[in-house]
Each structure stands twice: as C-alpha cells, then as structure tokens.
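Text of the file structure-v3.cif, holding mmCIF, C-alpha atoms:
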data_start
loop_
_atom_site.group_PDB
_atom_site.id
_atom_site.type_symbol
_atom_site.label_atom_id
_atom_site.label_comp_id
_atom_site.auth_asym_id
_atom_site.auth_seq_id
_atom_site.Cartn_x
_atom_site.Cartn_y
_atom_site.Cartn_z
ATOM 1 C CA MET A 890 29.093 -16.034 -59.759
ATOM 2 C CA ASP A 891 32.659 -17.314 -59.445
ATOM 3 C CA THR A 892 35.214 -14.576 -60.069
ATOM 4 C CA GLN A 893 38.276 -16.272 -58.587
ATOM 5 C CA GLY A 894 39.677 -17.610 -61.872
ATOM 6 C CA ALA A 895 39.232 -14.230 -63.490
ATOM 7 C CA GLU A 896 40.877 -12.462 -60.553
ATOM 8 C CA ALA A 897 43.959 -14.648 -60.830
ATOM 9 C CA SER A 898 44.493 -13.470 -64.397
ATOM 10 C CA GLY A 899 43.845 -9.820 -63.513
ATOM 11 C CA GLU A 900 40.579 -9.821 -65.451
ATOM 12 C CA GLY A 901 36.988 -10.272 -64.513
ATOM 13 C CA ILE A 902 34.220 -8.533 -62.713
ATOM 14 C CA ARG A 903 35.163 -6.364 -59.758
ATOM 15 C CA SER A 904 32.072 -4.207 -59.401
ATOM 16 C CA ALA A 905 28.345 -4.723 -59.728
ATOM 17 C CA ALA A 906 25.156 -2.870 -58.962
ATOM 18 C CA VAL A 907 21.722 -4.148 -58.034
ATOM 19 C CA VAL A 908 18.663 -1.994 -58.662
ATOM 20 C CA GLY A 909 15.720 -3.386 -56.716
ATOM 21 C CA LEU A 910 16.618 -4.657 -53.253
ATOM 22 C CA GLY A 911 13.534 -6.687 -52.437
ATOM 23 C CA LEU A 912 13.886 -10.320 -51.374
ATOM 24 C CA LEU A 913 15.544 -11.493 -54.585
ATOM 25 C CA GLY A 914 17.659 -8.402 -55.250
ATOM 26 C CA SER A 915 19.021 -8.197 -51.715
ATOM 27 C CA ALA A 916 19.854 -11.934 -51.709
ATOM 28 C CA LEU A 917 21.636 -11.551 -55.048
ATOM 29 C CA GLY A 918 23.558 -8.549 -53.734
ATOM 30 C CA ALA A 919 24.587 -10.482 -50.620
ATOM 31 C CA CYS A 920 25.918 -13.346 -52.763
ATOM 32 C CA LEU A 921 27.924 -10.925 -54.898
ATOM 33 C CA LEU A 922 29.367 -9.334 -51.761
ATOM 34 C CA GLU A 923 30.314 -12.763 -50.408
ATOM 35 C CA ASP A 924 32.163 -13.409 -53.663
ATOM 36 C CA GLY A 925 34.300 -10.336 -53.035
ATOM 37 C CA LEU A 926 32.764 -7.867 -55.465
ATOM 38 C CA HIS A 927 32.225 -4.199 -54.741
ATOM 39 C CA VAL A 928 28.416 -3.935 -54.910
ATOM 40 C CA THR A 929 26.227 -0.863 -54.930
ATOM 41 C CA GLY A 930 22.505 -1.244 -54.355
ATOM 42 C CA CYS A 931 19.539 1.017 -54.974
ATOM 43 C CA ASP A 932 15.876 0.797 -54.097
ATOM 44 C CA VAL A 933 12.915 3.173 -53.956
ATOM 45 C CA GLU A 934 12.553 2.174 -50.294
ATOM 46 C CA PRO A 935 15.409 3.817 -48.330
ATOM 47 C CA ASP A 936 15.156 1.166 -45.588
ATOM 48 C CA ARG A 937 16.137 -1.545 -48.082
ATOM 49 C CA ALA A 938 19.219 0.390 -49.189
ATOM 50 C CA GLN A 939 20.210 0.927 -45.554
ATOM 51 C CA ALA A 940 19.805 -2.786 -44.849
ATOM 52 C CA PHE A 941 22.028 -3.513 -47.848
ATOM 53 C CA GLU A 942 24.688 -1.215 -46.391
ATOM 54 C CA ARG A 943 24.595 -3.228 -43.172
ATOM 55 C CA LEU A 944 25.453 -6.308 -45.269
ATOM 56 C CA GLY A 945 28.579 -4.534 -46.526
ATOM 57 C CA GLY A 946 27.265 -3.048 -49.754
ATOM 58 C CA CYS A 947 27.135 0.593 -50.765
ATOM 59 C CA ALA A 948 23.814 2.379 -51.061
ATOM 60 C CA ALA A 949 22.993 4.684 -53.952
ATOM 61 C CA ALA A 950 20.204 7.233 -54.017
ATOM 62 C CA THR A 951 19.393 6.669 -57.699
ATOM 63 C CA PRO A 952 19.852 3.908 -60.299
ATOM 64 C CA ALA A 953 22.182 6.222 -62.233
ATOM 65 C CA GLU A 954 24.365 6.645 -59.143
ATOM 66 C CA ALA A 955 24.402 2.871 -58.614
ATOM 67 C CA ALA A 956 25.413 2.291 -62.241
ATOM 68 C CA ARG A 957 28.251 4.822 -62.291
ATOM 69 C CA GLY A 958 31.377 2.971 -63.379
ATOM 70 C CA THR A 959 30.033 -0.531 -62.725
ATOM 71 C CA GLN A 960 30.694 -3.481 -64.998
ATOM 72 C CA VAL A 961 27.470 -5.410 -64.384
ATOM 73 C CA LEU A 962 24.094 -3.962 -63.452
ATOM 74 C CA PHE A 963 21.364 -6.291 -62.206
ATOM 75 C CA THR A 964 17.752 -5.135 -62.317
ATOM 76 C CA CYS A 965 15.206 -6.901 -60.158
ATOM 77 C CA LEU A 966 12.049 -4.873 -60.629
ATOM 78 C CA MET A 967 8.315 -5.448 -60.902
ATOM 79 C CA ARG A 968 7.542 -4.524 -64.513
ATOM 80 C CA ALA A 969 9.227 -3.958 -67.853
ATOM 81 C CA SER A 970 8.089 -0.331 -67.842
ATOM 82 C CA ILE A 971 10.033 0.233 -64.628
ATOM 83 C CA VAL A 972 13.100 -1.534 -66.023
ATOM 84 C CA ARG A 973 12.929 0.633 -69.159
ATOM 85 C CA GLU A 974 12.605 3.840 -67.129
ATOM 86 C CA VAL A 975 15.487 2.890 -64.820
ATOM 87 C CA LEU A 976 17.786 2.007 -67.707
ATOM 88 C CA LEU A 977 16.768 4.312 -70.548
ATOM 89 C CA GLY A 978 14.673 7.099 -69.074
ATOM 90 C CA PRO A 979 15.996 10.624 -68.554
ATOM 91 C CA GLY A 980 19.243 10.335 -66.599
ATOM 92 C CA GLY A 981 18.929 6.549 -66.898
ATOM 93 C CA ALA A 982 21.420 4.092 -65.492
ATOM 94 C CA SER A 983 22.697 3.041 -68.936
ATOM 95 C CA GLU A 984 24.264 6.488 -69.389
ATOM 96 C CA HIS A 985 26.571 5.865 -66.428
ATOM 97 C CA LEU A 986 27.758 2.296 -66.993
ATOM 98 C CA SER A 987 31.378 1.455 -67.775
ATOM 99 C CA PRO A 988 32.185 0.900 -71.455
ATOM 100 C CA GLY A 989 31.313 -2.684 -72.404
ATOM 101 C CA ALA A 990 29.112 -3.155 -69.330
ATOM 102 C CA THR A 991 26.344 -5.730 -69.138
ATOM 103 C CA VAL A 992 22.812 -5.381 -67.794
ATOM 104 C CA VAL A 993 21.316 -8.556 -66.345
ATOM 105 C CA ASP A 994 17.568 -8.293 -65.890
ATOM 106 C CA ILE A 995 16.042 -10.754 -63.464
ATOM 107 C CA SER A 996 12.671 -9.040 -63.417
ATOM 108 C CA THR A 997 9.500 -10.751 -64.568
ATOM 109 C CA VAL A 998 9.076 -9.405 -68.094
ATOM 110 C CA LEU A 999 7.868 -10.809 -71.395
ATOM 111 C CA PRO A 1000 10.433 -12.018 -73.947
ATOM 112 C CA GLU A 1001 9.352 -9.320 -76.411
ATOM 113 C CA GLU A 1002 10.041 -6.647 -73.813
ATOM 114 C CA CYS A 1003 13.494 -8.134 -73.173
ATOM 115 C CA GLU A 1004 14.255 -8.118 -76.893
ATOM 116 C CA ALA A 1005 13.282 -4.448 -77.167
ATOM 117 C CA LEU A 1006 15.416 -3.521 -74.159
ATOM 118 C CA ALA A 1007 18.339 -5.501 -75.562
ATOM 119 C CA ALA A 1008 18.119 -3.661 -78.887
ATOM 120 C CA ASP A 1009 17.902 -0.245 -77.244
ATOM 121 C CA LEU A 1010 20.841 -0.970 -74.947
ATOM 122 C CA ALA A 1011 22.928 -2.448 -77.767
ATOM 123 C CA ALA A 1012 22.594 0.885 -79.567
ATOM 124 C CA ARG A 1013 24.348 2.397 -76.524
ATOM 125 C CA GLY A 1014 27.074 -0.254 -76.454
ATOM 126 C CA VAL A 1015 25.612 -2.123 -73.476
ATOM 127 C CA ALA A 1016 24.992 -5.877 -73.479
ATOM 128 C CA PHE A 1017 21.717 -7.239 -72.081
ATOM 129 C CA LEU A 1018 20.930 -10.624 -70.596
#

Write out the structure in this file as structure tokens.
Amino acid sequence: MDTQGAEASGEGIRSAAVVGLGLLGSALGACLLEDGLHVTGCDVEPDRAQAFERLGGCAAATPAEAARGTQVLFTCLMRASIVREVLLGPGGASEHLSPGATVVDISTVLPEECEALAADLAARGVAFL
C-alpha cells in the first residue's frame, strides 16, 4: 500500500488496524508499519499481539479497541462467522471505526458471506472490500 502520494497532499491513510495476527495478518501489519502507518493489531492469542508490538505496532485487547478511530480495518480470520462477530457482534469493531472507514477482509469466506457483510456494514456507513 503506497501512501506517499497521498501524504504529500495531506490526504490518505494514516492509521490501520489488523484483527487476526497469524502468519498473513502479522505480515500485512509489518508491511503497513514499514509504509509509515500507525497500526494497531489484535489477536485472541496474546503472544501474537506482543510479537506485533515488538515489530513497532500497537497491541489492542479487543477488536473494538483496535478499530477505535482507525481509517482501515483489515480482518484476517478463519471463518465468516468470526468476521461477522468481530465486526457486527455486541460491541463490534464497526461501532468504533472512523466515519467513512473501510473494512478489508482477507479471510477465506464465500462470496455470499462477503456480500451480506458488505450490506450490513454499508447500513452503518462503513465500506467493505
């Protein structure tokens, strides 16, 4: 993700969150950090969040905490049901995103599940990719 052109104009992404810090999520978070973004990570395994902190990221205890005020939230989780719970469940992450934020799901989910999540998030003013 190249943010340098956007930074020069005073626009663009400055903060991101990654929920799910397994192999893919932690690698994604590291790339975002290298690109100069402020990145908060969250995982059900505390050791993964601590490892992410050692890379220079911030660790959050919950997905909602990770989402607070961020512009882009990446989910890298095992199932659509987990993605739905993280984003839309009680106290879900979508309630804490910045206005106009985008959720990017890189989990392995069926297209129909993505379409349903996109519709539910759109009703809350959140874009979904």

Need to verify the contact set: Thr951 (chain A), 10 Å, all atoms listed in the file, exclusion of same-chain residues closer than 3 positions in sequence. Can you return it as an MDAnalysis selection string?
chainID A and resid 908 930:933 948 954:956 975 980:982

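CA of Ala1011 (chain A) is positioned 29.0 Å from CA of Leu912 (chain A).
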
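Selection by the PyMOL selection byres ((chain A and resi 963) around 9) on the present file picks out Ala905, Ala906, Val907, Val908, Gly909, Gly914, Leu917, Val961, Leu962, Thr964, Cys965, Thr991, Val992, Val993, Asp994 and Ile995 of chain A.
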
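Using all atoms listed in the file, the smallest distance between any of A:Ser983, A:Ser904, A:Ser996, A:Ser915 and Pro952 (chain A) comes from A:Ser983.
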
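Between CA of Leu977 (chain A) and CA of Leu1018 (chain A) the interatomic distance comes to 15.5 Å.
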
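In terms of minimum interatomic distance to Ala953 (chain A), A:Leu976 ranks closest within A:Ala969, A:Leu976, A:Val928, A:Ala940, counting all atoms listed in the file.
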
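For the set A:Cys920, A:Leu1006, A:Ala1016, A:Leu926, the residue with the smallest atom-to-atom gap to Gly989 (chain A) is A:Ala1016, counting only C-alpha atoms.
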
Using all atoms listed in the file, find the one residue out of A:Thr929, A:Gly901, A:Ala990, A:Val1015 that sits nearest to Glu942 (chain A).
A:Thr929

Kindly list the centre and edge lengths in Å, rounded to one decimal, for the axis-aligned box that covers all listed atoms of region 1002-1009 of chain A plus 6 Å on each of its six sides, as lines of an AutoDock Vina configuration file.
center_x = 14.2
center_y = -4.2
center_z = -76.0
size_x = 20.3
size_y = 19.9
size_z = 17.7

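Minimum atom-to-atom distance to Arg937 (chain A), evaluated using all atoms listed in the file, belongs to A:Leu910 out of A:Leu922, A:Leu910, A:Ala950, A:Ala1012.
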
Which one of A:Ala919, A:Ala949, A:Glu934, A:Gln960 sits closest to Pro988 (chain A) if you count all atoms listed in the file?
A:Gln960

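What separates CA of Ala1007 (chain A) from CA of Pro935 (chain A) is a distance of 28.9 Å.
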
Starting from the incomplete input, reconstruct N, CA and C atoms of region 954-982 of chain A and report them as a compact mmCIF listing (two decimals), keeping the file's coordinate frame.
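Saved result, rebuild_21.txt, follows:
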# COMPACT_ATOMS: atom_id res chain seq x y z
N GLU A 954 23.24 6.63 -60.09
CA GLU A 954 24.36 6.64 -59.14
C GLU A 954 24.89 5.23 -58.92
N ALA A 955 23.99 4.27 -58.81
CA ALA A 955 24.40 2.87 -58.61
C ALA A 955 25.19 2.36 -59.81
N ALA A 956 24.80 2.78 -61.00
CA ALA A 956 25.41 2.29 -62.24
C ALA A 956 26.78 2.91 -62.52
N ARG A 957 27.04 4.06 -61.96
CA ARG A 957 28.25 4.82 -62.29
C ARG A 957 29.51 3.96 -62.17
N GLY A 958 30.11 3.68 -63.34
CA GLY A 958 31.38 2.97 -63.38
C GLY A 958 31.30 1.47 -63.15
N THR A 959 30.12 0.90 -63.00
CA THR A 959 30.03 -0.53 -62.72
C THR A 959 30.14 -1.35 -64.01
N GLN A 960 30.53 -2.58 -63.86
CA GLN A 960 30.69 -3.48 -65.00
C GLN A 960 29.43 -4.29 -65.29
N VAL A 961 28.70 -4.62 -64.24
CA VAL A 961 27.47 -5.41 -64.38
C VAL A 961 26.39 -4.77 -63.54
N LEU A 962 25.24 -4.53 -64.16
CA LEU A 962 24.09 -3.96 -63.45
C LEU A 962 22.96 -4.97 -63.49
N PHE A 963 22.49 -5.38 -62.32
CA PHE A 963 21.36 -6.29 -62.21
C PHE A 963 20.12 -5.46 -61.92
N THR A 964 19.04 -5.75 -62.63
CA THR A 964 17.75 -5.14 -62.32
C THR A 964 16.82 -6.23 -61.84
N CYS A 965 16.17 -5.96 -60.74
CA CYS A 965 15.21 -6.90 -60.16
C CYS A 965 13.98 -6.08 -59.78
N LEU A 966 13.16 -5.81 -60.78
CA LEU A 966 12.05 -4.87 -60.63
C LEU A 966 10.73 -5.53 -61.00
N MET A 967 9.63 -4.83 -60.77
CA MET A 967 8.32 -5.45 -60.90
C MET A 967 7.77 -5.52 -62.32
N ARG A 968 8.13 -4.57 -63.17
CA ARG A 968 7.54 -4.52 -64.51
C ARG A 968 8.56 -4.03 -65.52
N ALA A 969 8.34 -4.39 -66.77
CA ALA A 969 9.23 -3.96 -67.85
C ALA A 969 9.24 -2.44 -67.97
N SER A 970 8.12 -1.79 -67.73
CA SER A 970 8.09 -0.33 -67.84
C SER A 970 9.02 0.31 -66.82
N ILE A 971 9.13 -0.29 -65.66
CA ILE A 971 10.03 0.23 -64.63
C ILE A 971 11.48 -0.02 -65.04
N VAL A 972 11.75 -1.21 -65.56
CA VAL A 972 13.10 -1.53 -66.02
C VAL A 972 13.52 -0.54 -67.11
N ARG A 973 12.64 -0.30 -68.06
CA ARG A 973 12.93 0.63 -69.16
C ARG A 973 13.21 2.03 -68.62
N GLU A 974 12.41 2.50 -67.70
CA GLU A 974 12.60 3.84 -67.13
C GLU A 974 13.94 3.93 -66.38
N VAL A 975 14.24 2.92 -65.58
CA VAL A 975 15.49 2.89 -64.82
C VAL A 975 16.71 2.90 -65.74
N LEU A 976 16.63 2.14 -66.82
CA LEU A 976 17.79 2.01 -67.71
C LEU A 976 17.88 3.10 -68.76
N LEU A 977 16.74 3.46 -69.36
CA LEU A 977 16.77 4.31 -70.55
C LEU A 977 16.04 5.64 -70.41
N GLY A 978 15.38 5.84 -69.28
CA GLY A 978 14.67 7.10 -69.07
C GLY A 978 15.65 8.25 -68.91
N PRO A 979 15.13 9.45 -68.75
CA PRO A 979 16.00 10.62 -68.55
C PRO A 979 16.96 10.40 -67.38
N GLY A 980 18.24 10.58 -67.63
CA GLY A 980 19.24 10.34 -66.60
C GLY A 980 19.36 8.87 -66.24
N GLY A 981 18.97 7.98 -67.16
CA GLY A 981 18.93 6.55 -66.90
C GLY A 981 20.28 5.93 -66.58
N ALA A 982 20.22 4.79 -65.95
CA ALA A 982 21.42 4.09 -65.49
C ALA A 982 22.37 3.75 -66.64
